[in-house]
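Asks: Just one file: data_38.cif, with mmCIF, C-alpha atoms and all ligand atoms.
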```cif
data_structure
loop_
_atom_site.label_atom_id
_atom_site.label_comp_id
_atom_site.auth_asym_id
_atom_site.auth_seq_id
_atom_site.Cartn_x
_atom_site.Cartn_y
_atom_site.Cartn_z
CA ALA A 1 71.85 102.35 193.25
CA PRO A 2 69.46 104.39 191.10
CA GLY A 3 70.74 105.53 187.71
CA LEU A 4 71.92 104.04 184.47
CA THR A 5 74.70 101.44 184.38
CA LEU A 6 76.36 100.53 181.07
CA VAL A 7 77.21 96.87 181.39
CA SER A 8 79.86 95.28 179.16
CA THR A 9 79.15 91.71 178.10
CA PRO A 10 81.42 89.07 176.48
CA ILE A 11 82.60 89.28 172.83
CA GLY A 12 82.56 85.49 172.44
CA ASN A 13 83.56 83.48 175.49
CA ALA A 14 80.60 83.67 177.89
CA ARG A 15 82.93 83.71 180.90
CA ASP A 16 84.41 87.07 179.91
CA ILE A 17 82.08 89.02 182.15
CA THR A 18 82.97 90.69 185.41
CA LEU A 19 81.61 89.75 188.82
CA ARG A 20 80.32 93.29 189.14
CA ALA A 21 78.50 93.07 185.80
CA LEU A 22 76.76 89.92 187.07
CA ASP A 23 75.84 91.72 190.30
CA VAL A 24 74.35 94.61 188.33
CA LEU A 25 72.40 92.27 186.04
CA GLY A 26 71.14 90.42 189.09
CA THR A 27 69.95 93.49 190.98
CA ALA A 28 68.94 96.23 188.50
CA ASP A 29 65.25 97.15 188.67
CA VAL A 30 65.02 97.36 184.88
CA LEU A 31 67.13 95.64 182.23
CA ALA A 32 67.51 97.08 178.74
CA ALA A 33 69.38 95.40 175.92
CA GLU A 34 70.10 95.79 172.23
CA ASP A 35 69.30 92.09 171.92
CA THR A 36 67.10 90.88 174.77
CA ARG A 37 67.41 87.23 173.72
CA ALA A 38 71.20 87.39 173.91
CA LEU A 39 70.99 89.00 177.35
CA ARG A 40 68.54 86.41 178.64
CA ARG A 41 70.79 83.62 177.36
CA LEU A 42 73.82 85.17 179.05
CA MET A 43 71.93 85.54 182.33
CA GLU A 44 70.80 81.94 182.09
CA ILE A 45 74.38 80.73 181.58
CA HIS A 46 75.39 82.56 184.74
CA GLY A 47 72.37 81.48 186.76
CA ILE A 48 70.82 84.93 187.09
CA SER A 49 67.06 84.95 187.03
CA LEU A 50 65.12 87.79 185.54
CA GLY A 51 62.15 87.24 187.85
CA ASP A 52 59.40 89.71 187.13
CA ARG A 53 61.77 92.52 186.18
CA PRO A 54 61.21 94.14 182.80
CA CYS A 55 63.76 93.32 180.06
CA LEU A 56 63.29 95.93 177.35
CA ALA A 57 64.70 96.08 173.83
CA TYR A 58 66.65 99.26 173.13
CA HIS A 59 68.40 99.49 169.75
CA ASP A 60 69.00 101.83 166.82
CA HIS A 61 65.53 101.26 165.39
CA ASN A 62 63.45 101.92 168.51
CA GLY A 63 65.77 104.14 170.55
CA ALA A 64 63.79 107.33 170.04
CA LYS A 65 60.61 105.57 171.14
CA MET A 66 62.14 103.68 174.08
CA ARG A 67 64.21 106.50 175.57
CA PRO A 68 61.27 108.24 177.27
CA ARG A 69 60.29 104.94 178.90
CA LEU A 70 63.78 104.36 180.27
CA LEU A 71 64.08 107.99 181.37
CA ALA A 72 60.77 107.64 183.20
CA GLU A 73 62.14 104.62 185.08
CA LEU A 74 65.24 106.61 186.01
CA ALA A 75 63.08 109.57 187.08
CA ALA A 76 61.14 107.19 189.34
CA GLY A 77 64.41 106.37 191.11
CA LYS A 78 64.89 102.96 189.47
CA SER A 79 68.22 101.42 188.54
CA VAL A 80 68.51 100.61 184.85
CA ALA A 81 71.20 98.33 183.36
CA TYR A 82 71.92 98.58 179.64
CA CYS A 83 73.83 96.01 177.54
CA SER A 84 74.54 96.05 173.83
CA GLU A 85 74.61 92.82 171.85
CA ALA A 86 78.26 92.13 172.72
CA GLY A 87 81.22 93.85 174.29
CA THR A 88 81.05 97.43 175.50
CA PRO A 89 77.92 99.50 174.80
CA LEU A 90 78.49 102.66 172.70
CA VAL A 91 81.64 101.17 171.11
CA SER A 92 80.26 100.82 167.56
CA ASP A 93 77.03 99.94 169.33
CA PRO A 94 73.92 101.81 170.55
CA GLY A 95 73.68 103.70 173.82
CA PHE A 96 75.10 107.15 173.11
CA ASP A 97 71.77 108.99 172.88
CA LEU A 98 70.57 107.22 176.02
CA VAL A 99 73.66 108.28 177.98
CA ARG A 100 73.28 111.87 176.77
CA ALA A 101 69.59 112.00 177.62
CA ALA A 102 70.11 110.47 181.08
CA GLN A 103 72.90 112.93 181.87
CA GLU A 104 70.88 115.90 180.62
CA ALA A 105 68.01 114.83 182.87
CA GLY A 106 70.44 114.76 185.80
CA HIS A 107 70.50 110.99 186.39
CA PRO A 108 73.69 109.24 187.51
CA VAL A 109 75.40 107.28 184.73
CA THR A 110 78.10 104.75 185.46
CA ALA A 111 79.85 101.88 183.68
CA ALA A 112 80.50 98.27 184.63
CA PRO A 113 83.42 97.91 182.20
CA GLY A 114 84.61 94.76 180.52
CA ALA A 115 85.41 93.21 177.16
CA SER A 116 85.74 95.14 173.94
CA ALA A 117 87.06 93.63 170.71
CA ALA A 118 89.10 96.77 169.93
CA VAL A 119 91.21 96.57 173.09
CA ALA A 120 91.47 92.75 173.01
CA ALA A 121 92.73 92.93 169.41
CA LEU A 122 95.18 95.73 170.18
CA THR A 123 96.74 93.89 173.09
CA LEU A 124 97.45 90.69 171.15
CA SER A 125 98.32 92.35 167.83
CA GLY A 126 101.98 92.95 168.59
CA LEU A 127 101.56 96.47 167.19
CA ALA A 128 102.46 99.56 169.21
CA SER A 129 99.88 99.99 171.95
CA ASP A 130 101.07 103.27 173.46
CA ARG A 131 98.98 105.31 171.04
CA PHE A 132 96.03 104.03 169.06
CA LEU A 133 93.09 105.43 167.19
CA PHE A 134 89.82 103.51 167.21
CA ALA A 135 88.10 104.30 163.92
CA GLY A 136 85.11 101.95 164.24
CA PHE A 137 83.54 100.84 160.95
CA LEU A 138 84.56 102.64 157.76
CA PRO A 139 81.68 103.97 155.64
CA ASN A 140 80.21 101.37 153.25
CA GLN A 141 80.18 103.60 150.23
CA LYS A 142 83.47 103.49 148.32
CA GLY A 143 84.05 107.24 147.95
CA ALA A 144 83.35 107.92 151.60
CA ARG A 145 85.46 104.93 152.65
CA ASP A 146 88.45 106.15 150.62
CA ARG A 147 88.11 109.66 152.06
CA ALA A 148 88.05 108.21 155.57
CA LEU A 149 91.18 106.17 154.84
CA ASP A 150 92.94 109.27 153.44
CA GLU A 151 92.15 111.08 156.68
CA LEU A 152 93.64 108.20 158.69
CA ALA A 153 96.79 107.87 156.54
CA ALA A 154 98.80 110.47 158.43
CA VAL A 155 97.56 109.69 161.94
CA PRO A 156 100.67 108.83 164.01
CA ALA A 157 99.10 105.94 165.92
CA THR A 158 98.11 102.30 165.53
CA LEU A 159 94.73 102.20 163.75
CA VAL A 160 92.00 99.88 165.01
CA LEU A 161 89.03 99.24 162.72
CA TYR A 162 85.96 97.05 162.85
CA GLU A 163 84.89 95.37 159.64
CA SER A 164 82.45 92.77 158.46
CA PRO A 165 83.94 89.54 157.10
CA ARG A 166 82.19 90.23 153.79
CA ARG A 167 84.04 93.47 153.25
CA ILE A 168 87.44 92.75 154.79
CA GLY A 169 89.04 91.86 151.43
CA ALA A 170 87.91 95.07 149.74
CA THR A 171 88.82 97.14 152.78
CA LEU A 172 92.34 95.67 152.92
CA ALA A 173 92.82 96.39 149.20
CA ALA A 174 91.67 99.99 149.67
CA ALA A 175 93.82 100.35 152.80
CA ALA A 176 96.88 99.06 150.91
CA THR A 177 96.32 101.74 148.26
CA ARG A 178 95.50 104.66 150.55
CA LEU A 179 97.68 103.94 153.61
CA GLY A 180 100.65 102.24 151.95
CA ALA A 181 101.06 98.66 150.72
CA ALA A 182 104.11 98.05 152.93
CA ARG A 183 102.46 99.02 156.20
CA ARG A 184 102.27 96.22 158.75
CA ALA A 185 98.79 95.11 159.64
CA VAL A 186 96.95 92.47 161.63
CA VAL A 187 93.60 90.77 161.13
CA ALA A 188 92.27 89.42 164.46
CA ARG A 189 89.39 87.02 163.96
CA GLU A 190 86.95 85.31 166.34
CA LEU A 191 88.59 86.69 169.47
CA THR A 192 87.99 84.67 172.65
CA LYS A 193 86.22 82.00 170.58
CA ARG A 194 87.25 78.51 169.63
CA PHE A 195 88.68 79.46 166.23
CA GLU A 196 90.50 82.58 167.33
CA GLU A 197 93.08 83.49 164.70
CA VAL A 198 95.57 86.33 164.27
CA ARG A 199 97.12 86.99 160.86
CA ARG A 200 99.99 89.40 160.40
CA GLY A 201 101.58 90.83 157.29
CA THR A 202 101.79 93.94 155.19
CA LEU A 203 98.55 95.46 153.98
CA ALA A 204 99.47 94.11 150.51
CA ASP A 205 99.98 90.55 151.89
CA LEU A 206 96.73 90.57 153.80
CA ALA A 207 94.81 92.11 150.89
CA GLU A 208 95.98 89.18 148.80
CA THR A 209 95.11 86.61 151.49
CA TYR A 210 91.55 87.92 151.77
CA ALA A 211 91.12 88.89 148.09
CA ASP A 212 88.41 86.36 147.35
CA VAL A 213 87.68 84.74 150.68
CA SER A 214 85.18 86.04 153.14
CA PRO A 215 86.41 84.63 156.46
CA LYS A 216 83.98 83.11 158.92
CA GLY A 217 83.15 85.08 162.02
CA GLU A 218 84.06 88.53 163.25
CA VAL A 219 87.23 90.47 162.48
CA VAL A 220 89.17 93.47 163.73
CA LEU A 221 91.70 95.13 161.41
CA LEU A 222 94.72 96.86 162.90
CA VAL A 223 97.23 98.90 160.93
CA ALA A 224 100.66 99.87 162.22
CA ARG A 225 101.56 103.49 162.52
CA GLY A 226 103.11 104.78 159.28
CA ASP A 227 106.88 105.26 159.24
CA SER A 228 109.16 107.47 157.14
CA GLY A 229 108.58 105.15 154.20
CA ASN A 230 105.02 106.42 154.06
CA VAL A 231 105.55 110.18 154.24
CA ARG A 232 103.65 112.19 151.71
CA GLU A 233 105.59 113.89 148.96
CA GLU A 234 104.26 117.33 149.77
CA ASP A 235 105.53 116.97 153.36
CA VAL A 236 109.00 116.05 152.07
CA ASP A 237 108.95 119.06 149.74
CA ARG A 238 107.97 121.38 152.57
CA GLU A 239 110.69 120.06 154.89
CA LEU A 240 113.29 120.23 152.14
CA ALA A 241 112.37 123.83 151.38
CA ALA A 242 112.61 124.70 155.09
CA ALA A 243 116.03 122.99 155.34
CA LEU A 244 117.34 124.85 152.27
CA GLU A 245 116.06 128.09 153.76
CA THR A 246 118.05 127.49 156.99
CA MET A 247 121.15 126.55 155.00
CA SER A 248 121.09 129.71 152.91
CA VAL A 249 120.61 131.84 156.03
CA ARG A 250 123.65 130.14 157.60
CA ASP A 251 125.65 130.55 154.36
CA ALA A 252 124.89 134.25 154.31
CA ALA A 253 126.00 134.61 157.95
CA ASP A 254 129.28 132.80 157.21
CA HIS A 255 130.29 135.23 154.53
N1 LIG B 301 80.54 96.76 171.23
C1 LIG B 301 81.45 95.79 170.64
C2 LIG B 301 82.82 95.88 171.31
O1 LIG B 301 82.94 96.51 172.37
O2 LIG B 301 83.78 95.29 170.79
C3 LIG B 301 81.53 95.96 169.13
C4 LIG B 301 80.22 95.81 168.41
S1 LIG B 301 80.33 96.00 166.67
C5 LIG B 301 78.64 96.06 166.19
C6 LIG B 301 80.79 94.40 166.09
C7 LIG B 301 82.22 94.36 165.51
O3 LIG B 301 83.15 94.20 166.58
C8 LIG B 301 82.47 93.20 164.58
O4 LIG B 301 82.11 93.51 163.24
C9 LIG B 301 83.96 93.01 164.71
O5 LIG B 301 84.66 93.96 163.91
C10 LIG B 301 84.18 93.35 166.18
N2 LIG B 301 84.11 92.14 167.02
C11 LIG B 301 83.19 91.87 167.98
N3 LIG B 301 83.45 90.68 168.57
C12 LIG B 301 84.57 90.20 167.98
C13 LIG B 301 85.36 89.02 168.14
N4 LIG B 301 85.01 88.08 169.03
N5 LIG B 301 86.45 88.85 167.36
C14 LIG B 301 86.80 89.79 166.45
N6 LIG B 301 86.09 90.92 166.25
C15 LIG B 301 85.00 91.13 167.00
#
```
I'd like the structure from this file rewritten - as structure tokens, please.
Replies:
Amino acid sequence: APGLTLVSTPIGNARDITLRALDVLGTADVLAAEDTRALRRLMEIHGISLGDRPCLAYHDHNGAKMRPRLLAELAAGKSVAYCSEAGTPLVSDPGFDLVRAAQEAGHPVTAAPGASAAVAALTLSGLASDRFLFAGFLPNQKGARDRALDELAAVPATLVLYESPRRIGATLAAAATRLGAARRAVVARELTKRFEEVRRGTLADLAETYADVSPKGEVVLLVARGDSGNVREEDVDRELAAALETMSVRDAADH
């Protein structure tokens, strides 16, 4: 069918791809990928030949230049499949501007959904999964990172964050300070891969574990929803004042 299809690809294990995704990759008129080599390798593993179809690179650095080309293909009634390097496109990955532009030009946009590290990590974390906030990558710069953590501190949901192995130690230390050292957390590493590993503990425990080790591979950090042990002092003061107010009103009525 003409239009743009966002195709999710595996986050590690090459077999984590849907039958429909393989169909789309096998039949789309034009393929576009953040990493064309990774896409070609994946297609090869699954026995899908590219033939003489174009396989175009579309990533953060050439998006503005490539968008008109892809929009022209869509305008010509072609089907275009887009994959990011791994997992679901647009989830801490490129594709957003392309989706917007395709929709604005009136082209159909659909998804062939599949793996995403955020959801995989949430499901095996053992943390509450009824309500979660995906916060992507925190800013690199320390001030901005701490402000972002302060914003997240009061969110009543499990937090899901992406991080690079190089920064996980520093991020855990900052999270322990800004979100509460006693909060439960999980580091999920190398999901779906041979050395998959899930570590649980408080933010303080995990900050210590990763203090001077940069783990190998990719990691997702999850933080449990804060409980009453993490309420902010000003909130307690406000609630106390409100309670005292009610009590004095009742006292006055009694007399
Ligand atoms: N679009 C991808 C998705 O849907 O999960 C995410 C791309 S983002 C650039 C890469 C980050 O995702 C990594 O830094 C890591 O936090 C997380 N990630 C991706 N694959 C992973 C895996 N196999 N195990 C753990 N984390 C992973």
Asks: So which residues are near ligand LIG 301 (chain B), meaning at most 9 Å away with only C-alpha atoms and all ligand atoms counted, given back as a PyMOL selection string?
Replies: chain A and resi 8-13+84-94+114-121+136-137+161-165+187-193+196-197+217-221
Asks: Closest to A:Pro54 among A:Asp35, A:Glu151, A:Glu73, A:Asp29, using all atoms listed in the file?
Replies: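 Closest to A:Pro54 of all the choices is A:Asp29.
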Asks: Work out how far atom CA of A:Ala32 is from atom CA of A:Leu74, in Å to one decimal.
Replies: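 Between atom CA of A:Leu74 and atom CA of A:Ala32 the gap works out to 12.2 Å.
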Asks: Between A:Ala204, A:Leu42, A:Ala157, A:Thr5, single out the one closest to A:Leu122, counting only C-alpha atoms.
Replies: A:Ala157
Asks: Using the file's own x, y and z axes, what box holds all listed atoms of stretch 116-125 of chain A with 3 Å on each side, keeping edges along x, y and z, and what are its centre and edge lengths in Å to one decimal, as AutoDock Vina command-line options?
Replies:
```
--center_x 92.0 --center_y 93.7 --center_z 170.9 --size_x 18.6 --size_y 12.1 --size_z 12.1
```
Asks: For each of A:His107, A:Gly3, A:Leu71, A:Ala112, take the minimum atom-to-atom distance to A:Leu22, counting only C-alpha atoms, then give the residue where this is smallest.
Replies: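 Nearest to A:Leu22: A:Ala112.
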Asks: Which of these residues is nearest to A:His61, using only C-alpha atoms: A:Leu98, A:Glu34, A:Cys83, A:Thr110?
Replies: A:Glu34
Asks: Using all atoms listed in the file for the distances, tell me which of A:Val24, A:Ala181, A:Leu159, A:Ala170 is nearest to A:Asp146.
Replies: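 Closest residue, counting all atoms listed in the file: A:Ala170.
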Asks: Choose the residue, out of A:Pro156, A:Gly63, A:Pro113, A:Gly47, that has the smallest atom-to-atom separation from A:Asp16; count only C-alpha atoms.
Replies: A:Pro113
Asks: Between atom CA of A:Gln141 and atom CA of A:Val198, what is the distance in Å, rounded to a tenth?
Replies: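 These two atoms are separated by 27.1 Å.
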Asks: So how far away is atom CA of A:Ile17 from atom CA of A:Arg200, in Å?
Replies: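 Atom CA of A:Arg200 sits 28.2 Å away from atom CA of A:Ile17.
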Asks: When you look at A:Leu172 with a cut-off of 10 Å (counting only C-alpha atoms), what residues show up, excluding the ones that are within fewer than 2 positions of it in the same chain? I need them as a compact mmCIF listing (two decimals) with C-alpha atoms, in the coordinates of the input.
Replies:
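Saved to around_16.txt:
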```txt
# COMPACT_ATOMS: atom_id res chain seq x y z
CA ARG A 167 84.04 93.47 153.25
CA ILE A 168 87.44 92.75 154.79
CA GLY A 169 89.04 91.86 151.43
CA ALA A 170 87.91 95.07 149.74
CA ALA A 174 91.67 99.99 149.67
CA ALA A 175 93.82 100.35 152.80
CA ALA A 176 96.88 99.06 150.91
CA THR A 177 96.32 101.74 148.26
CA ARG A 178 95.50 104.66 150.55
CA LEU A 179 97.68 103.94 153.61
CA ALA A 181 101.06 98.66 150.72
CA ALA A 185 98.79 95.11 159.64
CA VAL A 187 93.60 90.77 161.13
CA THR A 202 101.79 93.94 155.19
CA LEU A 203 98.55 95.46 153.98
CA ALA A 204 99.47 94.11 150.51
CA ASP A 205 99.98 90.55 151.89
CA LEU A 206 96.73 90.57 153.80
CA ALA A 207 94.81 92.11 150.89
CA GLU A 208 95.98 89.18 148.80
CA THR A 209 95.11 86.61 151.49
CA TYR A 210 91.55 87.92 151.77
CA ALA A 211 91.12 88.89 148.09
CA LEU A 221 91.70 95.13 161.41
CA VAL A 223 97.23 98.90 160.93
```
Asks: Since the input has fewer atoms than a full residue there, write stretch 202-221 of chain A out with N, CA and C atoms, as a compact mmCIF listing (two decimals), in the frame of the given file.
Replies:
```txt
# COMPACT_ATOMS: atom_id res chain seq x y z
N THR A 202 101.98 92.57 155.68
CA THR A 202 101.79 93.94 155.19
C THR A 202 100.35 94.05 154.71
N LEU A 203 99.91 95.28 154.50
CA LEU A 203 98.55 95.46 153.98
C LEU A 203 98.42 94.75 152.63
N ALA A 204 99.51 94.79 151.81
CA ALA A 204 99.47 94.11 150.51
C ALA A 204 99.30 92.60 150.69
N ASP A 205 100.09 92.01 151.61
CA ASP A 205 99.98 90.55 151.89
C ASP A 205 98.55 90.18 152.28
N LEU A 206 98.04 90.92 153.25
CA LEU A 206 96.73 90.57 153.80
C LEU A 206 95.62 90.81 152.76
N ALA A 207 95.79 91.85 151.95
CA ALA A 207 94.81 92.11 150.89
C ALA A 207 94.76 90.92 149.94
N GLU A 208 95.93 90.33 149.69
CA GLU A 208 95.98 89.18 148.80
C GLU A 208 95.33 87.96 149.47
N THR A 209 95.67 87.75 150.75
CA THR A 209 95.11 86.61 151.49
C THR A 209 93.58 86.63 151.47
N TYR A 210 93.01 87.83 151.65
CA TYR A 210 91.55 87.92 151.77
C TYR A 210 90.88 88.38 150.48
N ALA A 211 91.65 88.34 149.35
CA ALA A 211 91.12 88.89 148.09
C ALA A 211 89.79 88.26 147.71
N ASP A 212 89.70 86.93 147.72
CA ASP A 212 88.41 86.36 147.35
C ASP A 212 87.86 85.38 148.36
N VAL A 213 88.30 85.55 149.62
CA VAL A 213 87.68 84.74 150.68
C VAL A 213 87.03 85.66 151.68
N SER A 214 85.82 85.31 152.06
CA SER A 214 85.18 86.04 153.14
C SER A 214 85.30 85.14 154.36
N PRO A 215 86.16 85.52 155.32
CA PRO A 215 86.41 84.63 156.46
C PRO A 215 85.16 84.43 157.30
N LYS A 216 85.12 83.36 158.03
CA LYS A 216 83.98 83.11 158.92
C LYS A 216 84.17 83.90 160.20
N GLY A 217 83.09 84.43 160.71
CA GLY A 217 83.15 85.08 162.02
C GLY A 217 83.51 86.55 161.96
N GLU A 218 83.87 87.09 163.13
CA GLU A 218 84.06 88.53 163.25
C GLU A 218 85.53 88.89 163.19
N VAL A 219 85.82 90.06 162.62
CA VAL A 219 87.23 90.47 162.48
C VAL A 219 87.47 91.91 162.92
N VAL A 220 88.66 92.12 163.45
CA VAL A 220 89.17 93.47 163.73
C VAL A 220 90.41 93.65 162.86
N LEU A 221 90.52 94.80 162.22
CA LEU A 221 91.70 95.13 161.41
C LEU A 221 92.53 96.17 162.15
```
